[in-house]
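As provided, upload08.txt (compact mmCIF, C-alpha atoms) reads as follows.
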# COMPACT_ATOMS: atom_id res chain seq x y z
CA MET A 476 -22.91 18.43 9.29
CA GLU A 477 -22.67 17.36 5.68
CA TRP A 478 -19.85 17.94 3.23
CA GLN A 479 -19.73 16.99 -0.40
CA GLY A 480 -16.81 16.94 -2.79
CA GLU A 481 -14.22 14.92 -4.60
CA GLY A 482 -11.27 13.20 -2.95
CA VAL A 483 -8.42 10.78 -3.48
CA VAL A 484 -8.27 7.55 -1.45
CA LEU A 485 -5.26 7.57 0.90
CA ARG A 486 -6.00 4.58 3.07
CA VAL A 487 -8.64 1.90 3.51
CA ARG A 488 -8.82 -0.38 6.52
CA PRO A 489 -11.39 -3.18 6.76
CA GLN A 490 -13.64 -2.59 9.75
CA GLY A 491 -15.81 -5.63 10.29
CA LYS A 492 -17.85 -7.22 7.53
CA GLY A 493 -18.50 -5.00 4.51
CA ALA A 494 -17.33 -1.85 6.29
CA TYR A 495 -14.15 0.16 5.96
CA LEU A 496 -12.39 3.01 7.65
CA LEU A 497 -11.61 5.36 4.80
CA CYS A 498 -9.15 8.23 4.75
CA LEU A 499 -9.17 10.54 1.75
CA PHE A 500 -7.67 13.81 0.62
CA SER A 501 -10.20 16.27 -0.76
CA ARG A 502 -9.72 19.61 -2.46
CA GLU A 503 -12.24 21.56 -0.40
CA PHE A 504 -11.83 19.96 3.05
CA GLY A 505 -8.32 18.50 3.13
CA LYS A 506 -7.90 15.11 4.79
CA LEU A 507 -11.09 13.44 5.97
CA SER A 508 -11.65 10.11 7.71
CA GLY A 509 -14.81 8.15 8.28
CA PHE A 510 -16.65 4.89 7.92
CA VAL A 511 -18.05 3.59 4.69
CA SER A 512 -20.02 0.43 4.19
CA GLY A 513 -21.48 -1.36 1.22
CA SER A 514 -21.27 -4.32 -1.09
CA GLN A 515 -18.29 -6.17 -2.56
CA LYS A 516 -18.30 -3.63 -5.40
CA LEU A 517 -17.35 -0.95 -2.91
CA ARG A 518 -14.09 -2.75 -2.21
CA HIS A 519 -13.16 -2.45 -5.87
CA GLU A 520 -13.80 1.26 -5.76
CA LEU A 521 -11.85 1.90 -2.57
CA GLN A 522 -8.44 1.41 -4.12
CA LEU A 523 -5.52 3.59 -3.16
CA GLY A 524 -5.31 6.61 -5.49
CA ASN A 525 -8.87 6.30 -6.81
CA VAL A 526 -10.82 9.53 -7.07
CA LEU A 527 -14.22 9.40 -5.39
CA GLU A 528 -17.18 11.71 -5.23
CA PHE A 529 -18.22 11.69 -1.61
CA THR A 530 -20.78 12.88 0.87
CA HIS A 531 -19.37 13.02 4.38
CA ILE A 532 -21.78 13.21 7.28
CA ARG A 533 -20.90 13.90 10.90
CA ARG A 534 -23.27 14.45 13.75
CA LEU A 535 -20.65 16.38 15.71
CA GLU A 536 -17.53 18.10 14.40
CA ASN A 537 -15.11 15.97 16.43
CA GLN A 538 -16.93 12.74 15.60
CA LEU A 539 -15.66 10.23 13.04
CA GLY A 540 -18.31 10.53 10.37
CA SER A 541 -19.59 8.33 7.55
CA PHE A 542 -19.02 8.48 3.83
CA TYR A 543 -21.24 7.75 0.86
CA VAL A 544 -19.00 7.38 -2.16
CA ASP A 545 -19.07 7.01 -5.94
CA LEU A 546 -16.08 6.23 -8.12
CA VAL A 547 -15.08 9.04 -10.48
CA HIS A 548 -11.70 7.96 -11.78
CA ALA A 549 -9.43 4.95 -11.18
CA PRO A 550 -5.90 6.01 -12.14
CA SER A 551 -4.21 3.08 -10.40
CA ALA A 552 -6.02 0.55 -12.62
CA GLN A 553 -4.42 2.17 -15.67
CA LYS A 554 -1.00 1.90 -14.10
CA PHE A 555 -1.02 -1.66 -12.78
CA ASN A 556 1.89 -2.50 -15.05
CA GLU A 557 4.04 0.44 -13.96
CA GLU A 558 6.12 -0.66 -11.04
CA ALA A 559 7.52 2.76 -10.10
CA TYR A 560 4.06 4.34 -10.15
CA LEU A 561 2.69 1.74 -7.73
CA TYR A 562 5.56 2.19 -5.26
CA ILE A 563 5.07 5.94 -5.39
CA LEU A 564 1.33 5.59 -4.91
CA GLN A 565 1.81 3.45 -1.80
CA TYR A 566 4.33 5.92 -0.41
CA LEU A 567 2.14 8.96 -1.09
CA GLY A 568 -0.82 7.34 0.66
CA ASP A 569 1.31 6.86 3.76
CA LEU A 570 2.93 10.29 3.53
CA HIS A 571 -0.35 12.17 3.26
CA GLU A 572 -2.04 10.15 5.96
CA LYS A 573 0.81 10.86 8.38
CA LEU A 574 1.52 14.50 7.53
CA LEU A 575 -1.74 16.15 6.58
CA ALA A 576 -3.97 17.54 9.29
CA GLU A 577 -7.66 16.62 9.29
CA HIS A 578 -9.98 19.16 7.79
CA GLN A 579 -7.32 21.58 6.58
CA PRO A 580 -7.97 22.47 2.93
CA LEU A 581 -4.90 22.59 0.70
CA PRO A 582 -6.39 23.13 -2.79
CA THR A 583 -3.09 23.92 -4.56
CA LEU A 584 -1.48 20.81 -3.15
CA TYR A 585 -4.52 18.73 -4.08
CA ASP A 586 -4.29 19.91 -7.69
CA ALA A 587 -0.57 19.06 -7.76
CA PHE A 588 -1.39 15.62 -6.31
CA GLN A 589 -4.01 15.03 -9.01
CA ASN A 590 -1.50 15.98 -11.69
CA LEU A 591 1.01 13.54 -10.26
CA LEU A 592 -1.59 10.76 -10.17
CA ARG A 593 -2.39 11.37 -13.83
CA PHE A 594 1.27 11.42 -14.80
CA GLN A 595 1.96 10.10 -18.29
CA GLY A 596 5.52 9.76 -19.41
CA GLU A 597 8.84 8.10 -18.85
CA SER A 598 9.57 6.65 -15.44
CA ARG A 599 12.59 8.91 -14.76
CA PHE A 600 10.37 11.98 -15.13
CA LEU A 601 7.91 10.43 -12.72
CA TRP A 602 10.63 10.33 -10.05
CA GLN A 603 11.47 13.97 -10.75
CA SER A 604 7.79 14.89 -10.54
CA LEU A 605 7.61 13.14 -7.19
CA ALA A 606 10.51 15.22 -5.86
CA VAL A 607 8.88 18.42 -7.11
CA TYR A 608 5.65 17.34 -5.45
CA GLU A 609 7.46 16.70 -2.17
CA VAL A 610 8.77 20.28 -2.30
CA SER A 611 5.17 21.50 -2.83
CA LEU A 612 4.01 19.39 0.11
CA LEU A 613 6.76 20.80 2.32
CA LYS A 614 5.74 24.32 1.32
CA ALA A 615 2.08 23.57 2.11
CA LEU A 616 3.10 22.28 5.54
CA GLY A 617 5.16 25.39 6.31
CA TYR A 618 8.59 23.93 5.57
CA GLY A 619 9.06 25.81 2.31
CA LEU A 620 12.47 25.68 0.68
CA SER A 621 13.96 28.89 -0.73
CA LEU A 622 15.96 27.60 -3.63
CA GLU A 623 15.66 30.66 -5.86
CA ASP A 624 18.61 32.98 -6.48
CA ALA A 625 16.82 35.89 -4.81
CA TYR A 626 16.84 34.18 -1.39
CA ALA A 627 20.25 32.54 -1.76
CA VAL A 628 22.99 32.77 0.83
CA ARG A 629 25.99 34.34 -0.89
CA GLY A 630 28.71 36.78 0.05
CA GLU A 631 29.28 40.24 -1.39
CA GLU A 632 30.85 40.11 -4.83
CA ASP A 633 30.31 36.35 -4.71
CA GLN A 634 29.54 35.21 -8.25
CA THR A 635 30.00 31.48 -7.65
CA PRO A 636 27.03 29.26 -8.63
CA LEU A 637 24.46 27.94 -6.18
CA VAL A 638 25.38 24.37 -5.40
CA TYR A 639 24.31 23.76 -1.78
CA VAL A 640 21.20 23.95 0.37
CA SER A 641 21.41 24.78 4.05
CA PRO A 642 19.94 21.88 6.06
CA LYS A 643 18.79 24.39 8.67
CA SER A 644 17.24 27.26 6.71
CA GLY A 645 16.34 25.46 3.48
CA ARG A 646 17.95 28.27 1.47
CA ALA A 647 20.23 27.77 -1.50
CA VAL A 648 23.91 28.52 -0.73
CA SER A 649 26.66 29.57 -3.13
CA LYS A 650 29.71 27.41 -3.77
CA GLN A 651 32.01 29.89 -2.02
CA MET A 652 29.83 30.33 1.08
CA GLY A 653 29.08 26.65 1.43
CA ALA A 654 32.55 25.25 0.74
CA PRO A 655 33.73 25.35 4.41
CA PHE A 656 30.64 23.31 5.37
CA HIS A 657 30.75 20.99 2.37
CA ASP A 658 30.14 17.82 4.40
CA LYS A 659 27.15 19.24 6.26
CA MET A 660 25.47 20.88 3.29
CA LEU A 661 22.83 19.27 1.09
CA ARG A 662 23.48 19.33 -2.65
CA LEU A 663 21.29 21.58 -4.77
CA PRO A 664 20.01 19.43 -7.64
CA LYS A 665 20.10 20.57 -11.25
CA LEU A 666 16.30 20.41 -11.30
CA PHE A 667 16.21 23.31 -8.82
CA GLY A 668 19.00 25.35 -10.40
CA GLY A 669 22.04 23.61 -8.88
CA GLU A 670 24.74 21.43 -10.38
CA SER A 671 24.06 17.94 -9.07
CA HIS A 672 22.60 15.55 -11.64
CA GLU A 673 22.27 12.77 -9.05
CA MET A 674 18.66 11.72 -8.48
CA LEU A 675 19.64 10.55 -5.04
CA ASP A 676 20.70 14.11 -4.10
CA LEU A 677 17.23 15.25 -5.12
CA PHE A 678 15.62 12.82 -2.69
CA LYS A 679 18.21 13.47 0.03
CA LEU A 680 17.20 17.11 -0.11
CA THR A 681 13.45 16.55 0.19
CA GLY A 682 14.01 13.61 2.55
CA HIS A 683 15.90 15.79 5.01
CA PHE A 684 13.09 18.32 5.32
CA LEU A 685 10.37 15.65 5.32
CA ARG A 686 12.18 14.08 8.27
CA VAL A 687 12.04 17.46 10.02
CA ALA A 688 8.30 17.60 9.27
CA CYS A 689 7.91 14.08 10.72
CA ASP A 690 9.54 15.05 14.04
CA GLY A 691 12.96 13.73 13.07
CA GLU A 692 11.82 10.31 11.89
CA GLU A 693 12.09 9.02 8.37
CA LEU A 694 8.97 7.21 7.20
CA SER A 695 9.72 3.53 6.59
CA SER A 696 7.64 3.77 3.41
CA ARG A 697 10.03 6.45 2.10
CA ARG A 698 13.09 4.41 3.05
CA ASN A 699 11.65 1.45 1.13
CA LEU A 700 10.68 3.68 -1.79
CA ILE A 701 14.22 5.04 -2.17
CA ARG A 702 15.61 1.50 -1.94
CA MET A 703 13.25 0.41 -4.73
CA ALA A 704 14.07 3.53 -6.75
CA GLN A 705 17.76 2.67 -6.56
CA GLU A 706 17.01 -0.90 -7.63
CA LEU A 707 15.12 0.55 -10.61
CA ASN A 708 17.94 3.07 -11.17
CA PHE A 709 15.37 5.91 -10.92
CA GLY A 710 13.99 4.92 -14.31
CA GLU A 711 17.28 5.63 -16.07
CA LYS A 712 18.12 3.05 -18.69
CA MET B 83 -16.31 -2.70 31.25
CA SER B 84 -18.71 -5.42 32.39
CA ASP B 85 -22.10 -5.73 30.72
CA THR B 86 -23.47 -8.79 32.50
CA LYS B 87 -21.65 -8.58 35.85
CA MET B 88 -20.21 -12.01 35.01
CA GLN B 89 -16.53 -11.40 34.46
CA PRO B 90 -15.67 -14.80 32.87
CA PHE B 91 -18.58 -14.50 30.45
CA ASP B 92 -17.61 -10.96 29.46
CA GLN B 93 -14.04 -12.13 28.98
CA LEU B 94 -15.28 -14.90 26.67
CA VAL B 95 -17.32 -12.36 24.67
CA ARG B 96 -14.24 -10.15 24.39
CA GLU B 97 -12.12 -13.07 23.13
CA LEU B 98 -14.77 -14.13 20.61
CA SER B 99 -15.30 -10.59 19.35
CA SER B 100 -11.59 -10.31 18.61
CA LEU B 101 -12.06 -12.99 15.93
CA PRO B 102 -12.74 -11.96 12.31
CA GLY B 103 -16.43 -11.88 11.44
CA PHE B 104 -17.51 -11.44 15.07
CA GLY B 105 -18.79 -8.15 16.42
CA LYS B 106 -19.67 -7.67 20.06
CA ARG B 107 -23.31 -8.62 19.56
CA SER B 108 -22.60 -11.75 17.53
CA ALA B 109 -19.90 -12.77 20.03
CA GLN B 110 -22.43 -12.41 22.82
CA ARG B 111 -24.97 -14.52 20.92
CA ALA B 112 -22.37 -17.26 20.32
CA ALA B 113 -21.32 -17.26 23.98
CA LEU B 114 -24.96 -17.40 25.11
CA SER B 115 -25.66 -20.27 22.72
CA LEU B 116 -22.74 -22.20 24.20
CA LEU B 117 -24.02 -21.61 27.73
CA LYS B 118 -27.49 -22.82 26.77
CA ASN B 119 -26.07 -25.95 25.20
CA ARG B 120 -23.15 -26.79 27.46
CA SER B 121 -22.33 -30.13 25.84
CA LYS B 122 -21.05 -28.11 22.90
CA ILE B 123 -18.44 -26.42 25.07
CA GLY B 124 -16.54 -29.64 25.72
CA LYS B 125 -16.63 -30.64 22.06
CA LEU B 126 -15.48 -27.19 20.99
CA VAL B 127 -12.61 -27.16 23.50
CA GLN B 128 -11.55 -30.64 22.38
CA GLN B 129 -11.69 -29.65 18.72
CA LEU B 130 -9.70 -26.49 19.31
CA LYS B 131 -7.04 -28.52 21.13
CA THR B 132 -6.89 -31.07 18.33
CA VAL B 133 -6.52 -28.37 15.68
CA ASP B 134 -3.83 -26.66 17.74
CA GLU B 135 -1.89 -29.89 18.17
CA GLN B 136 -2.29 -31.40 14.72
CA VAL B 137 -2.49 -28.62 12.17
CA CYS B 138 0.91 -27.30 11.19
CA GLU B 139 2.41 -25.04 8.55
CA CYS B 140 4.11 -26.73 5.63
CA GLN B 141 7.73 -25.60 5.64
CA THR B 142 7.88 -25.86 1.86
CA CYS B 143 4.84 -23.92 0.70
CA GLY B 144 3.32 -22.37 3.84
CA ASN B 145 0.01 -24.24 3.48
CA LEU B 146 -1.81 -25.48 6.58
CA SER B 147 -1.87 -29.25 6.78
CA LEU B 148 -1.71 -32.27 9.08
CA ALA B 149 1.70 -33.18 7.69
CA ASN B 150 4.88 -31.35 6.89
CA PRO B 151 5.46 -31.25 3.89
CA CYS B 152 1.76 -30.93 3.14
CA HIS B 153 -0.42 -33.25 1.05
CA ILE B 154 -0.11 -30.94 -1.99
CA CYS B 155 3.69 -30.78 -1.92
CA THR B 156 3.96 -34.58 -1.63
CA ASP B 157 1.29 -35.42 -4.21
CA SER B 158 3.10 -37.22 -7.03
CA LYS B 159 0.27 -36.45 -9.49
CA ARG B 160 0.93 -32.73 -9.26
CA ASN B 161 3.46 -30.84 -11.34
CA PRO B 162 6.20 -29.57 -9.00
CA ASN B 163 7.67 -27.38 -11.73
CA THR B 164 4.83 -24.86 -11.74
CA ILE B 165 4.42 -22.80 -8.59
CA CYS B 166 1.39 -20.65 -7.92
CA VAL B 167 2.10 -17.81 -5.48
CA VAL B 168 -0.83 -16.76 -3.29
CA GLU B 169 -1.27 -14.21 -0.54
CA GLY B 170 -2.82 -16.49 2.07
CA VAL B 171 -4.01 -20.02 2.74
CA ASP B 172 -7.62 -19.00 1.98
CA ASP B 173 -6.53 -18.05 -1.56
CA LEU B 174 -4.88 -21.46 -1.92
CA TRP B 175 -8.11 -23.16 -0.88
CA ALA B 176 -10.06 -21.02 -3.40
CA LEU B 177 -7.74 -22.13 -6.22
CA GLU B 178 -8.01 -25.75 -5.10
CA ARG B 179 -11.80 -25.47 -5.31
CA SER B 180 -11.46 -24.63 -9.00
CA GLU B 181 -9.83 -28.07 -9.55
CA PHE B 182 -8.01 -26.58 -12.52
CA PHE B 183 -4.49 -25.99 -11.27
CA ASP B 184 -2.30 -29.07 -10.94
CA GLY B 185 0.94 -27.46 -9.84
CA VAL B 186 2.15 -26.61 -6.33
CA TYR B 187 1.73 -23.47 -4.24
CA HIS B 188 3.68 -20.92 -2.31
CA VAL B 189 1.90 -18.91 0.38
CA LEU B 190 3.48 -15.45 0.82
CA GLY B 191 1.68 -14.61 4.04
CA GLY B 192 0.51 -11.15 2.92
CA VAL B 193 1.37 -8.41 0.46
CA VAL B 194 3.82 -5.52 0.53
CA SER B 195 2.11 -2.48 2.01
CA ALA B 196 3.93 0.80 2.58
CA ILE B 197 1.16 2.16 4.75
CA ASP B 198 1.08 -0.89 7.05
CA GLY B 199 4.88 -1.12 7.12
CA ILE B 200 4.97 -4.58 5.50
CA GLY B 201 8.06 -5.08 3.38
CA PRO B 202 9.38 -8.07 1.41
CA GLU B 203 11.42 -9.12 4.43
CA ASP B 204 8.18 -9.68 6.39
CA LEU B 205 6.85 -12.09 3.76
CA ARG B 206 8.00 -15.49 2.48
CA PHE B 207 9.94 -14.00 -0.45
CA ASP B 208 13.28 -15.57 0.41
CA GLU B 209 11.73 -19.03 0.82
CA LEU B 210 10.31 -18.77 -2.72
CA LEU B 211 13.63 -17.63 -4.17
CA LYS B 212 15.38 -20.51 -2.39
CA ARG B 213 12.78 -22.93 -3.77
CA THR B 214 13.44 -21.77 -7.30
CA GLU B 215 17.21 -21.98 -6.76
CA ALA B 216 16.95 -25.48 -5.32
CA ASN B 217 14.83 -26.71 -8.22
CA PRO B 218 16.15 -25.55 -11.60
CA GLN B 219 13.36 -27.57 -13.26
CA ILE B 220 10.78 -24.95 -12.30
CA THR B 221 9.32 -23.69 -15.57
CA GLU B 222 6.82 -21.12 -14.38
CA VAL B 223 5.80 -19.11 -11.34
CA ILE B 224 2.20 -17.88 -11.49
CA LEU B 225 1.41 -14.84 -9.37
CA ALA B 226 -2.16 -15.19 -8.08
CA LEU B 227 -2.24 -12.02 -6.01
CA GLY B 228 -5.07 -9.54 -5.52
CA ALA B 229 -5.84 -6.97 -8.21
CA SER B 230 -5.08 -4.11 -5.86
CA VAL B 231 -2.25 -1.59 -5.61
CA ASP B 232 -0.61 -3.64 -2.85
CA GLY B 233 -1.07 -6.91 -4.74
CA SER B 234 0.37 -5.47 -7.95
CA THR B 235 3.32 -3.87 -6.15
CA THR B 236 4.13 -7.22 -4.55
CA GLY B 237 3.81 -8.92 -7.94
CA HIS B 238 6.24 -6.52 -9.64
CA LEU B 239 8.75 -6.85 -6.82
CA LEU B 240 8.60 -10.62 -6.87
CA ALA B 241 8.64 -10.84 -10.67
CA ARG B 242 11.80 -8.74 -10.88
CA ARG B 243 13.63 -10.95 -8.37
CA LEU B 244 12.47 -14.17 -10.02
CA LYS B 245 13.35 -12.98 -13.53
CA GLU B 246 16.88 -12.20 -12.31
CA LYS B 247 17.10 -15.94 -11.63
CA GLY B 248 15.81 -16.75 -15.11
CA VAL B 249 12.37 -18.00 -14.02
CA LYS B 250 9.32 -17.37 -16.22
CA VAL B 251 6.77 -15.32 -14.29
CA THR B 252 3.09 -14.96 -15.23
CA THR B 253 0.15 -13.37 -13.48
CA LEU B 254 -3.59 -14.10 -13.38
CA ALA B 255 -5.69 -12.24 -15.94
CA ARG B 256 -7.53 -9.21 -14.62
CA GLY B 257 -10.91 -7.96 -15.71
CA MET B 258 -14.49 -9.12 -16.00
CA PRO B 259 -15.77 -11.65 -13.45
CA MET B 260 -17.93 -14.56 -14.63
CA GLY B 261 -21.59 -13.65 -15.05
CA SER B 262 -21.00 -9.91 -14.88
CA GLU B 263 -22.50 -7.30 -17.15
CA VAL B 264 -20.46 -4.48 -18.61
CA ASP B 265 -22.71 -1.66 -17.38
CA TYR B 266 -22.40 -2.88 -13.78
CA LEU B 267 -18.60 -2.89 -13.73
CA ASP B 268 -16.66 -0.09 -12.09
CA ALA B 269 -14.23 2.04 -14.11
CA GLY B 270 -11.14 0.39 -12.61
CA THR B 271 -12.24 -3.16 -13.50
CA LEU B 272 -13.24 -2.07 -17.01
CA THR B 273 -9.84 -0.42 -17.51
CA LEU B 274 -8.10 -3.64 -16.48
CA ALA B 275 -10.39 -5.71 -18.70
CA LEU B 276 -9.67 -3.47 -21.70
CA ASN B 277 -5.94 -3.58 -21.03
CA GLY B 278 -6.09 -7.38 -20.85
CA ARG B 279 -8.30 -7.87 -23.92
CA MET B 280 -7.50 -10.78 -26.19
CA GLU B 281 -7.95 -11.61 -29.84
CA LEU B 282 -10.72 -14.08 -30.70
Encoded form using structure tokens:
Amino acid sequence: MEWQGEGVVLRVRPQGKGAYLLCLFSREFGKLSGFVSGSQKLRHELQLGNVLEFTHIRRLENQLGSFYVDLVHAPSAQKFNEEAYLYILQYLGDLHEKLLAEHQPLPTLYDAFQNLLRFQGESRFLWQSLAVYEVSLLKALGYGLSLEDAYAVRGEEDQTPLVYVSPKSGRAVSKQMGAPFHDKMLRLPKLFGGESHEMLDLFKLTGHFLRVACDGEELSSRRNLIRMAQELNFGEK
Amino acid sequence: MSDTKMQPFDQLVRELSSLPGFGKRSAQRAALSLLKNRSKIGKLVQQLKTVDEQVCECQTCGNLSLANPCHICTDSKRNPNTICVVEGVDDLWALERSEFFDGVYHVLGGVVSAIDGIGPEDLRFDELLKRTEANPQITEVILALGASVDGSTTGHLLARRLKEKGVKVTTLARGMPMGSEVDYLDAGTLTLALNGRMEL
């Protein structure tokens, strides 16, 4: 079996001398893992977030195959001076490696991931873009949030604004309906049509459902990322 | 699983192959060579014991040495006010080979890696911050970490904490290696080289 395409490096582990165990996320085939070997130059190319053109060969479908790779684009090298970008890149590598299933194509998510990797702009918008991407990832994994007005939980004649999200259903909830459960509800951020301007509420929302997707455990990389984000004040001056 | 039906020999091969640079085949060759030349076994065992007993980690910089503090930290000819931060002892040795740097070192013991679950608390961050607090004469901390995502992340994290304490932080230049040709460089290295270009 032979597959060819373009993919983003998620993880590289040294495997003996001059060989690596590579995990990448491709548009056509989803997450793929396999061995790759080569010269010292290869190590430069196998950087987290780099886009590679690959040929993946497996003798059997359930076998860990081999890669032949060529560097297409190195976004991380352009962002070596952007602290927030590097933290996010590390986190996304971990997140994808843990959550994506092997060989399950997710082209829409891949395109969104590429857009995030090529992000140009102020740091605070990068954090917002990350949260939006996390929502896309949740949707792709079957944990889609219904934050639009059409799916909202609200009573008859209830005209109060949407300010909450149900931690169980992932649907937006009106102020009146959610008020009795205020402490249990997640806040609907302004970015998704709510009232909360707090960046932390944004990440609490996605973090809750990512934890559900990770069988109730929060990834340590995400915990560290949020800690760093708070230290950097989410890019706000 | 036994290959040779000699359990101690297979065990030795397993132990050797767990070392970096040794695969199963090369471990087997090394073990066979030792068996063919048994006088080497005694010398090797003795040397391993000596290294285990005498080599220690310098509590100041994290270097491996026969003394604590190490020969670099106690060298009066070196400038104790410039600290070069490296990932591991092998990086320290590489910088020493250049015979260019006359300051002292600080070995971090790794780099921050989200995917491997290595955070600042797992590295010798606090020891470095304490060193800078204890010696207000320190004029510069040079970050000599790898030009990778993990190395850069670690550098930013460390730089922010050191700058809070008013310490000047610099990093090694990134870009073209000596003797390289432009058309052989990968896109990432060229990007770094262009970003770090300097006026002539």
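Between atom CA of Glu139 of chain B and atom CA of Lys125 of chain B there is a distance of 24.0 Å.
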Residue with the minimum atom-to-atom distance to Thr164 of chain B, picked from B:Thr221, B:Ser115, B:Gln110, B:Asn150 with only C-alpha atoms counted, is B:Thr221
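One finds atom CA of Val133 of chain B at 22.3 Å from atom CA of Leu117 of chain B.
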Give me the residues near Asp198 of chain B as a ChimeraX atom specification, where near means some atom within 9 Å (using only C-alpha atoms) and where sequence neighbours in that chain fewer than 4 positions away do not count.
/A:569,696 /B:194
Set out as CSV a contact list for chain A and chain B with a cut-off of 7 Å, giving each residue of chain A that qualifies its closest atom pair and distance in Å to one decimal, counting all atoms listed in the file, ordered by chain and rising residue number.
residue,atom,partner,partner_atom,distance
A:Gly491,CA,B:Gly103,CA,6.4
A:Lys492,CA,B:Gly103,CA,6.2
A:Gln522,CA,B:Ser230,CA,6.7
A:Leu523,CA,B:Val231,CA,6.6
A:His548,CA,B:Ala269,CA,6.8
A:Ala549,CA,B:Gly270,CA,5.1
A:Ser551,CA,B:Val231,CA,7.0
A:Ala552,CA,B:Gly270,CA,5.1
A:Gln553,CA,B:Thr273,CA,6.3
A:Phe555,CA,B:Ser234,CA,6.3
A:Glu558,CA,B:His238,CA,6.0
A:Leu561,CA,B:Thr235,CA,5.9
A:Tyr562,CA,B:Thr235,CA,6.5
A:Gln565,CA,B:Ala196,CA,5.5
A:Tyr566,CA,B:Ala196,CA,5.9
A:Gly568,CA,B:Ile197,CA,6.9
A:Asp569,CA,B:Ile197,CA,4.8
A:Ser695,CA,B:Gly199,CA,6.7
A:Ser696,CA,B:Ala196,CA,4.8
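Using only C-alpha atoms, the residues found no farther than 12 Å from Tyr618 of chain A, other than those of its own chain fewer than 5 positions away, are Leu574, Glu609, Val610, Ser611, Leu612, Leu613, Pro642, Lys643, Ser644, Gly645, Arg646, Thr681, His683, Phe684, Leu685, Arg686, Val687, Ala688 and Cys689 of chain A.
Between atom CA of Glu711 of chain A and atom CA of Lys212 of chain B there is a distance of 29.6 Å.
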Judged by all atoms listed in the file, the minimum distance to Thr252 of chain B among B:Leu177, B:Val127, B:Ile154, B:Ile165 is found for B:Ile165
Neighbour residues at most 12 Å from (-7.6, -20.5, -1.8) (all atoms listed in the file) as a count of residues only: 25
